[in-house]
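In what follows, a structure is listed as structure tokens, so that the remarks can point back to it.
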Amino acid sequence: MQSEITKETQTTGMETLGNARELGGYVSHDGRKVKRGVLLRSAKPIGASAADLERLKNEYNLHTITDFRMSYEREAEPNPKIDGVTDVWCPIIDEDMISANVNSSSESAKSMTTFERLKIAVDNGIVTDKMYVVFLSLEQGKKGYSEFFRQLLALPEGKSLLFHCTQGKDRTGVGAMLILSALGVDEDTIMQDYMLTNIFNAGLIEKEKKMLAQYNLSDAALQKYLSVMDQVNPQYMQNAFDYLKENYGSVKGYITKELGVTEKYIGKLKNKFLE
């Protein structure tokens, strides 16, 4: 039976790494639990203090950082180099599609203000409640999440893997949903893990609400803008679950058919990450 899921049960205790937590402690359908301190998720690690990076290396025995961001995001805010840690790029979003939608190149995206990027994302329908369905259905997303599973399978015993995007909530949230589903964790627990972002990011979300107040947005528009920034909306994840069940029978069906993770590999993942 799943115990209560809170910020306190899942935090990694990082002082400067945003939305930083772990998947440890969640219960699989067979009664085993996800191992503690192995599957870590966060926002972009740039700006993390030396103390936090030292904890990741020594306390968590970090082996791999899996980065779901686009190229211009990585170039603008590269991951810190940590001795002995491999930085693996697994982009989820098709950058050509983004450029076509906004009639803009990745180069010009670098020079945009935060609000300009938000407005483009909202006005062009890039951020919608079906956004996660896009991640899962397009080839770039399948390729990125397939590589994520390869890295998980290759992770050495006693080591940890940190996966992240920019805010650590959307591309990262879908990644967490996929691996937890493969490990046999139930949908309700996965949704609770997803919604923890709003607790970890509570301070940021309040600041963003104040910043956006000057633009006189409707309530619906405000929620979309916040969803581009640091807030998550349960409907986004529910739509992903519904899409996967409708088209593949289950999340596991998608993982095996589209990501190439066979039943044999799912068994290996369970043996590796459950106790």
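In the structure tokens, the first chain shown is A, the next is B, and so on; residue numbers restart at 1 for each chain, and ligands run from 1 in the order shown.
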Quick one: everything within 7 Å of segment 28-45 of chain A, counting only C-alpha atoms, minus sequence neighbours fewer than 4 positions away in the same chain. Send it as a list in words. Leu17, Gly18, Asn19, Ala20, Arg21, Glu22, Leu23, Gly24, Tyr60, Asn79, Pro80, Lys159, Ser160, Leu161, Leu162, Phe163, His164, Cys165, Thr166, Gln167, Gly168, Leu183, Gly184, Val185, Phe273, Leu274 and Glu275 of chain A
Using only C-alpha atoms, determine which residues lie at most 10 Å from segment 130-144 of chain A, disregarding the query and same-chain residues fewer than 6 positions distant; provide the list as a PyMOL selection string. chain A and resi 66-69+89-95+150+170-171+173-175+235-244+254-255+258-260
Taking the backbone alone, and naming residues the way the document does, which bits of segment 4-193 of chain A are alpha helix (DSSP H) by DSSP, as a PyMOL selection string? chain A and resi 7-10+50-58+71-76+95-102+106-110+114-123+131-137+139-154+171-182+187-193
Prev. selection, C-alpha atoms, output as an mmCIF file, in the first residue's frame:
data_model
loop_
_atom_site.group_PDB
_atom_site.id
_atom_site.type_symbol
_atom_site.label_atom_id
_atom_site.label_comp_id
_atom_site.auth_asym_id
_atom_site.auth_seq_id
_atom_site.Cartn_x
_atom_site.Cartn_y
_atom_site.Cartn_z
ATOM 1 C CA LYS A 7 7.478 17.067 -0.472
ATOM 2 C CA GLU A 8 9.232 15.714 2.612
ATOM 3 C CA THR A 9 9.052 12.068 1.484
ATOM 4 C CA GLN A 10 10.472 12.778 -1.973
ATOM 5 C CA ALA A 50 29.085 23.387 -5.396
ATOM 6 C CA ALA A 51 27.642 21.812 -2.250
ATOM 7 C CA ASP A 52 24.626 20.429 -4.114
ATOM 8 C CA LEU A 53 26.804 19.098 -6.930
ATOM 9 C CA GLU A 54 29.089 17.495 -4.362
ATOM 10 C CA ARG A 55 26.086 15.787 -2.747
ATOM 11 C CA LEU A 56 24.914 14.477 -6.104
ATOM 12 C CA LYS A 57 28.348 13.029 -6.787
ATOM 13 C CA ASN A 58 29.218 11.626 -3.370
ATOM 14 C CA SER A 71 19.731 22.368 -28.291
ATOM 15 C CA TYR A 72 19.386 26.105 -27.695
ATOM 16 C CA GLU A 73 18.367 25.454 -24.077
ATOM 17 C CA ARG A 74 21.500 23.366 -23.515
ATOM 18 C CA GLU A 75 23.717 25.905 -25.268
ATOM 19 C CA ALA A 76 22.331 28.846 -23.283
ATOM 20 C CA GLU A 95 12.970 21.805 -32.925
ATOM 21 C CA ASP A 96 12.155 22.011 -36.636
ATOM 22 C CA MET A 97 8.468 21.794 -35.785
ATOM 23 C CA ILE A 98 8.804 24.553 -33.190
ATOM 24 C CA SER A 99 10.640 26.787 -35.672
ATOM 25 C CA ALA A 100 7.992 26.179 -38.325
ATOM 26 C CA ASN A 101 5.178 26.983 -35.895
ATOM 27 C CA VAL A 102 6.640 30.261 -34.699
ATOM 28 C CA SER A 106 16.485 28.449 -32.582
ATOM 29 C CA GLU A 107 19.058 31.231 -32.901
ATOM 30 C CA SER A 108 16.407 33.961 -32.637
ATOM 31 C CA ALA A 109 14.746 32.121 -29.755
ATOM 32 C CA LYS A 110 17.883 32.733 -27.713
ATOM 33 C CA THR A 114 10.746 35.385 -21.108
ATOM 34 C CA PHE A 115 7.347 36.899 -21.843
ATOM 35 C CA GLU A 116 7.959 36.843 -25.607
ATOM 36 C CA ARG A 117 8.695 33.124 -25.443
ATOM 37 C CA LEU A 118 5.625 32.562 -23.298
ATOM 38 C CA LYS A 119 3.410 34.498 -25.699
ATOM 39 C CA ILE A 120 4.687 32.599 -28.729
ATOM 40 C CA ALA A 121 4.146 29.268 -26.979
ATOM 41 C CA VAL A 122 0.595 30.191 -25.976
ATOM 42 C CA ASP A 123 -0.459 32.032 -29.151
ATOM 43 C CA MET A 131 1.227 18.855 -25.152
ATOM 44 C CA TYR A 132 2.305 15.584 -23.553
ATOM 45 C CA VAL A 133 0.460 13.651 -26.241
ATOM 46 C CA VAL A 134 2.670 15.483 -28.749
ATOM 47 C CA PHE A 135 5.795 14.479 -26.808
ATOM 48 C CA LEU A 136 4.688 10.841 -26.875
ATOM 49 C CA SER A 137 3.361 10.645 -30.423
ATOM 50 C CA GLU A 139 9.239 10.559 -33.545
ATOM 51 C CA GLN A 140 11.591 12.900 -31.690
ATOM 52 C CA GLY A 141 9.831 12.210 -28.398
ATOM 53 C CA LYS A 142 9.865 8.451 -28.990
ATOM 54 C CA LYS A 143 13.560 8.598 -29.820
ATOM 55 C CA GLY A 144 14.377 10.671 -26.728
ATOM 56 C CA TYR A 145 12.401 8.542 -24.284
ATOM 57 C CA SER A 146 13.748 5.353 -25.854
ATOM 58 C CA GLU A 147 17.293 6.593 -25.179
ATOM 59 C CA PHE A 148 16.229 7.451 -21.624
ATOM 60 C CA PHE A 149 15.262 3.819 -21.073
ATOM 61 C CA ARG A 150 18.575 2.672 -22.564
ATOM 62 C CA GLN A 151 20.419 4.816 -20.055
ATOM 63 C CA LEU A 152 18.311 3.398 -17.217
ATOM 64 C CA LEU A 153 19.056 -0.153 -18.307
ATOM 65 C CA ALA A 154 22.778 0.627 -18.545
ATOM 66 C CA ARG A 171 9.280 16.535 -20.420
ATOM 67 C CA THR A 172 10.617 15.327 -17.072
ATOM 68 C CA GLY A 173 7.109 14.608 -15.793
ATOM 69 C CA VAL A 174 6.358 12.416 -18.778
ATOM 70 C CA GLY A 175 9.696 10.648 -18.323
ATOM 71 C CA ALA A 176 8.812 9.941 -14.685
ATOM 72 C CA MET A 177 5.372 8.677 -15.730
ATOM 73 C CA LEU A 178 6.942 6.259 -18.215
ATOM 74 C CA ILE A 179 9.557 4.735 -15.926
ATOM 75 C CA LEU A 180 7.166 4.501 -12.969
ATOM 76 C CA SER A 181 4.590 2.803 -15.195
ATOM 77 C CA ALA A 182 7.227 0.331 -16.397
ATOM 78 C CA GLU A 187 -1.636 5.837 -12.054
ATOM 79 C CA ASP A 188 -2.821 7.644 -8.915
ATOM 80 C CA THR A 189 0.672 7.572 -7.393
ATOM 81 C CA ILE A 190 2.191 8.776 -10.656
ATOM 82 C CA MET A 191 -0.271 11.673 -10.753
ATOM 83 C CA GLN A 192 0.604 12.589 -7.160
ATOM 84 C CA ASP A 193 4.297 12.572 -8.062
#
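Residue nearest His63 of chain A, chosen from A:Thr86, A:Gln223, A:Thr11, A:Ser49 and counting only C-alpha atoms: A:Thr86.
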Contacts of Thr197 of chain A at 8 Å or less, counting only C-alpha atoms, minus same-chain residues fewer than 2 places along, as a PDB file with N, CA and C atoms, in the first residue's frame?
ATOM      1  N   ASN A  19      13.144  22.082  -8.096  1.00  0.00           N
ATOM      2  CA  ASN A  19      12.208  20.962  -8.277  1.00  0.00           C
ATOM      3  C   ASN A  19      12.929  19.621  -8.141  1.00  0.00           C
ATOM      4  N   LYS A 169       9.381  19.596 -15.162  1.00  0.00           N
ATOM      5  CA  LYS A 169       7.976  19.291 -14.893  1.00  0.00           C
ATOM      6  C   LYS A 169       7.228  18.638 -16.060  1.00  0.00           C
ATOM      7  N   ASP A 193       2.903  12.186  -7.841  1.00  0.00           N
ATOM      8  CA  ASP A 193       4.297  12.572  -8.062  1.00  0.00           C
ATOM      9  C   ASP A 193       4.373  13.765  -9.010  1.00  0.00           C
ATOM     10  N   TYR A 194       3.600  13.719 -10.072  1.00  0.00           N
ATOM     11  CA  TYR A 194       3.549  14.808 -11.055  1.00  0.00           C
ATOM     12  C   TYR A 194       3.138  16.123 -10.397  1.00  0.00           C
ATOM     13  N   MET A 195       2.107  16.081  -9.562  1.00  0.00           N
ATOM     14  CA  MET A 195       1.567  17.291  -8.954  1.00  0.00           C
ATOM     15  C   MET A 195       2.472  17.871  -7.865  1.00  0.00           C
ATOM     16  N   ILE A 199       4.044  22.016  -5.453  1.00  0.00           N
ATOM     17  CA  ILE A 199       4.472  22.228  -4.062  1.00  0.00           C
ATOM     18  C   ILE A 199       5.934  22.669  -4.032  1.00  0.00           C
ATOM     19  N   PHE A 200       6.779  21.955  -4.789  1.00  0.00           N
ATOM     20  CA  PHE A 200       8.193  22.332  -4.850  1.00  0.00           C
ATOM     21  C   PHE A 200       8.387  23.727  -5.441  1.00  0.00           C
ATOM     22  N   ASN A 201       7.508  24.122  -6.367  1.00  0.00           N
ATOM     23  CA  ASN A 201       7.649  25.400  -7.059  1.00  0.00           C
ATOM     24  C   ASN A 201       6.703  26.473  -6.541  1.00  0.00           C
ATOM     25  N   ASP A 230       6.231  27.438 -14.388  1.00  0.00           N
ATOM     26  CA  ASP A 230       6.616  26.491 -13.331  1.00  0.00           C
ATOM     27  C   ASP A 230       5.465  25.725 -12.690  1.00  0.00           C
ATOM     28  N   GLN A 231       4.282  25.805 -13.267  1.00  0.00           N
ATOM     29  CA  GLN A 231       3.118  25.126 -12.704  1.00  0.00           C
ATOM     30  C   GLN A 231       2.727  23.944 -13.581  1.00  0.00           C
ATOM     31  N   VAL A 232       2.179  22.893 -12.971  1.00  0.00           N
ATOM     32  CA  VAL A 232       1.641  21.774 -13.753  1.00  0.00           C
ATOM     33  C   VAL A 232       0.126  21.704 -13.578  1.00  0.00           C
TER      34      VAL A 232
END
Using DSSP assignments from the backbone, pull out every residue in segment 98-264 of chain A that falls under strand (DSSP E or B) and give it to me as a list in words. Ser160, Leu161, Leu162, Phe163, His164 and Val185 of chain A
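You can rank A:Pro234, A:Asn271, A:Met229, A:Leu212 by their closest distance to Leu196 of chain A using only C-alpha atoms, and at the top of that list sits A:Pro234.
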